[in-house]
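File shown here: target_10.txt, holding compact mmCIF, C-alpha atoms.
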```
# COMPACT_ATOMS: atom_id res chain seq x y z
CA MET A 1 126.37 100.66 142.39
CA ARG A 2 127.67 99.55 139.07
CA LEU A 3 125.99 100.54 135.82
CA GLU A 4 124.95 96.94 134.94
CA GLN A 5 123.06 96.67 138.24
CA CYS A 6 121.29 100.02 137.77
CA LEU A 7 119.88 99.31 134.30
CA PRO A 8 117.11 96.88 135.40
CA LEU A 9 116.09 99.28 138.16
CA LEU A 10 115.97 102.16 135.67
CA GLY A 11 113.82 100.09 133.26
CA LEU A 12 111.39 99.20 136.03
CA LEU A 13 111.13 102.85 137.03
CA LEU A 14 110.42 103.93 133.44
CA CYS A 15 107.68 101.29 133.09
CA ALA A 16 106.02 102.50 136.30
CA VAL A 17 106.08 106.12 135.13
CA GLY A 18 104.70 105.13 131.70
CA THR A 19 101.72 103.27 133.13
CA THR A 20 100.95 106.15 135.50
CA ALA A 21 100.98 108.59 132.57
CA GLN A 22 98.64 106.30 130.59
CA GLN A 23 96.21 106.13 133.50
CA ASP A 24 96.19 109.94 133.74
CA GLU A 25 95.38 110.18 130.02
CA GLU A 26 92.53 107.69 130.38
CA LEU A 27 91.00 109.73 133.20
CA GLU A 28 90.88 112.83 131.02
CA GLU A 29 87.40 113.19 129.57
CA GLU A 30 86.87 113.89 125.88
CA PHE A 31 84.14 115.25 123.65
CA LEU A 32 82.30 112.82 121.43
CA VAL A 33 81.86 114.23 117.91
CA GLU A 34 79.61 112.53 115.35
CA ILE A 35 79.30 113.72 111.75
CA SER A 36 76.49 112.67 109.41
CA GLY A 37 76.04 114.62 106.18
CA THR A 38 76.05 118.29 107.18
CA THR A 39 74.91 117.61 110.76
CA VAL A 40 77.51 117.62 113.56
CA THR A 41 76.56 116.26 116.99
CA ILE A 42 78.86 117.02 119.94
CA THR A 43 78.45 115.32 123.35
CA CYS A 44 79.86 117.16 126.37
CA PRO A 45 81.99 115.08 128.76
CA LEU A 46 80.47 116.89 131.76
CA GLY A 47 77.26 115.87 133.55
CA GLU A 48 76.40 112.29 132.74
CA ASP A 49 72.70 112.72 133.53
CA ASP A 50 72.48 116.50 133.95
CA ASP A 51 70.61 118.75 131.53
CA ASN A 52 71.92 122.12 132.82
CA ILE A 53 74.94 122.35 130.52
CA GLN A 54 75.76 125.77 129.08
CA TRP A 55 77.05 125.71 125.47
CA GLU A 56 79.04 128.47 123.73
CA LEU A 57 79.75 128.47 120.01
CA SER A 58 82.41 130.98 118.92
CA GLY A 59 81.72 133.19 121.96
CA LYS A 60 77.91 133.16 121.64
CA THR A 61 75.82 131.40 124.28
CA GLN A 62 73.43 128.82 122.84
CA ASP A 63 69.91 128.22 124.11
CA THR A 64 70.19 124.42 124.49
CA LYS A 65 70.82 122.96 127.95
CA GLU A 66 71.16 119.32 126.92
CA ARG A 67 74.35 117.22 127.03
CA LYS A 68 74.28 116.81 123.24
CA PHE A 69 74.70 119.88 121.04
CA ILE A 70 73.55 119.53 117.41
CA ILE A 71 74.77 121.83 114.64
CA LYS A 72 72.56 121.43 111.56
CA ASP A 73 73.79 122.56 108.12
CA HIS A 74 77.37 123.06 109.31
CA ASP A 75 79.43 124.91 106.69
CA SER A 76 82.84 123.27 107.49
CA SER A 77 84.18 126.50 108.99
CA PRO A 78 86.36 126.11 112.11
CA ALA A 79 84.65 127.02 115.40
CA ASN A 80 85.53 127.28 119.09
CA LEU A 81 83.03 125.36 121.19
CA SER A 82 82.77 125.03 124.95
CA CYS A 83 80.45 123.37 127.42
CA SER A 84 80.28 124.26 131.09
CA LEU A 85 78.51 122.89 134.12
CA GLY A 86 78.96 124.99 137.26
CA ASN A 87 82.67 125.83 137.58
CA ALA A 88 83.84 123.03 135.24
CA LYS A 89 84.39 124.03 131.64
CA HIS A 90 85.64 122.04 128.64
CA GLN A 91 86.68 123.62 125.34
CA LEU A 92 86.86 122.16 121.85
CA TYR A 93 88.24 123.51 118.59
CA LEU A 94 85.93 122.09 115.92
CA ASN A 95 87.36 121.80 112.42
CA ALA A 96 84.98 119.29 110.84
CA LYS A 97 84.75 118.90 107.07
CA VAL A 98 81.23 118.00 105.99
CA CYS A 99 79.46 117.57 102.66
CA ALA A 100 75.85 117.08 101.68
CA THR A 101 76.43 114.52 98.92
CA CYS A 102 78.92 112.27 100.74
CA GLU A 103 78.06 108.65 101.44
CA GLU A 104 79.03 106.98 104.69
CA LEU A 105 80.83 103.66 104.31
CA ASP A 106 81.32 101.16 107.07
CA ALA A 107 84.32 98.83 107.29
CA LEU A 108 82.40 95.87 105.88
CA MET A 109 81.43 97.76 102.73
CA VAL A 110 85.02 98.95 102.14
CA ALA A 111 86.30 95.38 102.60
CA GLY A 112 83.67 94.14 100.12
CA ILE A 113 84.67 96.72 97.50
CA ILE A 114 88.36 95.83 97.83
CA THR A 115 87.62 92.09 97.64
CA ALA A 116 85.43 92.51 94.54
CA ASP A 117 88.13 94.60 92.86
CA LEU A 118 90.77 91.94 93.55
CA LEU A 119 88.53 89.16 92.24
CA ILE A 120 87.75 91.05 89.02
CA THR A 121 91.45 91.79 88.49
CA LEU A 122 92.34 88.13 89.07
CA GLY A 123 89.64 87.06 86.59
CA VAL A 124 91.01 89.39 83.91
CA LEU A 125 94.54 88.07 84.51
CA ILE A 126 93.38 84.47 84.13
CA LEU A 127 91.50 85.27 80.90
CA VAL A 128 94.52 87.04 79.41
CA TYR A 129 96.77 84.13 80.39
CA TYR A 130 94.57 81.48 78.78
CA PHE A 131 93.95 83.46 75.58
CA SER A 132 97.63 84.29 75.11
CA LYS A 133 98.82 80.76 75.98
CA GLY A 134 97.60 79.18 72.73
CA ARG A 135 99.17 81.80 70.45
CA LYS A 136 102.82 81.03 71.24
CA GLY A 137 103.45 78.28 68.66
CA ARG A 138 101.18 79.48 65.85
CA ALA A 139 102.52 80.93 62.62
CA SER A 140 101.28 84.30 61.50
CA SER A 141 98.15 84.32 59.35
CA ALA A 142 99.62 86.71 56.76
CA GLY A 143 101.11 83.82 54.72
CA ASP A 144 104.50 85.50 54.58
CA SER A 145 107.14 83.06 53.33
CA ARG A 146 110.09 85.44 53.73
CA PRO A 147 112.42 84.80 56.63
CA ARG A 148 112.12 87.26 59.45
CA GLY A 149 115.00 89.42 60.59
CA PRO A 150 117.56 91.50 58.66
CA LYS A 151 118.85 90.21 55.33
CA MET A 152 122.49 89.25 55.59
CA GLN A 153 124.87 88.83 52.63
CA ARG A 154 126.94 85.73 52.78
CA PRO A 155 130.69 86.04 52.31
CA PRO A 156 132.22 84.40 49.23
CA PRO A 157 133.43 80.85 49.59
CA VAL A 158 136.94 80.31 50.94
CA PRO A 159 138.73 79.19 47.76
CA ASN A 160 138.17 82.61 46.15
CA PRO A 161 141.01 84.25 44.19
CA ASP A 162 140.33 87.57 45.90
CA TYR A 163 141.42 86.05 49.15
CA GLU A 164 144.40 84.02 47.96
CA PRO A 165 147.53 84.31 50.08
CA ILE A 166 150.45 86.27 48.64
CA ARG A 167 153.02 84.02 47.00
CA LYS A 168 156.72 84.49 47.39
CA GLY A 169 157.31 85.57 43.82
CA GLN A 170 154.52 88.14 43.66
CA ARG A 171 155.57 90.49 46.41
CA GLU A 172 156.47 93.28 43.98
CA VAL A 173 152.83 93.57 42.91
CA TYR A 174 151.91 94.66 46.41
CA ALA A 175 155.10 96.65 47.09
CA GLY A 176 153.55 99.87 45.80
CA LEU A 177 150.94 99.78 48.51
CA ALA A 178 153.44 100.59 51.26
CA PRO A 179 153.41 104.14 52.67
CA ARG A 180 155.91 106.40 50.94
CA ALA A 181 158.26 108.74 52.71
CA ILE A 182 157.92 112.37 51.73
```
Serialized structure, structure tokens:
Amino acid sequence: MRLEQCLPLLGLLLCAVGTTAQQDEELEEEFLVEISGTTVTITCPLGEDDDNIQWELSGKTQDTKERKFIIKDHDSSPANLSCSLGNAKHQLYLNAKVCATCEELDALMVAGIITADLLITLGVLILVYYFSKGRKGRASSAGDSRPRGPKMQRPPPVPNPDYEPIRKGQREVYAGLAPRAI
């Protein structure tokens, strides 16, 4: 077959493989980790209604058998965590950063803070615009009658004897100004 005829078939094949890979990823179960202050709550993906789950935290077996494992006063140090039910075992590397004085913000509060900041900034811009608008045409209040800018000396008027053209009979006066040969 020619290359132009194979390209649509190849695209269709790649789409089919991509959707199969996405379905495999969706079937893979994941831990649910919730952080609030210094408390970390981990939910095991095994055993929807079972309470015989074995938890291990950094190699040490924990005494809880529930599906949710709660770590109180977590110190933000990385930990290896695993939950097992029968022969099935899931592992998790926990590297959660926690702090006692942090505040939790939801999306609505963040949007409100950003909106308030933009409105305040816009208000300041409008105030500056209106207060600076009236000052364009006003003279300064210092009462200065001098003209602004650098002082320039005016050249002498044109009919000045210093600038008279050389007359035919007076060339010898200026003849001594020519460079002399040595």
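One distance worth recording is that between CA of Thr39 (chain A) and CA of Ala79 (chain A), which is 14.3 Å.
For the atom pair formed by CA of Ile53 (chain A) and CA of Val98 (chain A), the distance is 25.7 Å, given to one decimal.
Our summary of the geometry notes that CA of Tyr130 (chain A) is positioned 28.8 Å from CA of Ala111 (chain A).
Distances here use only C-alpha atoms; by that measure, the residue among A:Ile35, A:Asn52, A:Leu118, A:Leu125 closest to Asn95 (chain A) is A:Ile35.
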#### Entry: Near-Asp73 (chain A) list (12 Å; only C-alpha atoms; drop same-chain fewer than 5 positions) as a PyMOL selection string
chain A and resi 35-41+96-100
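Here the question is which of A:Thr115, A:Ile126, A:Leu32, A:Ile42 gets nearest to Lys72 (chain A) using only C-alpha atoms, and that residue is A:Ile42.
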### Task
Pick out the residues sitting within 10 Å of Lys65 (chain A), and hand them over as number ranges by chain; count all atoms listed in the file, and ignore anything fewer than 4 positions along from it in its own chain.
A: 50-55, 69, 83, 85
### Task
Give me the residues within 12 Å of Asn80 (chain A) as an NGL selection string, counting all atoms listed in the file and dropping any in the same chain fewer than 6 places off.
:A and (55-61 or 90-96)
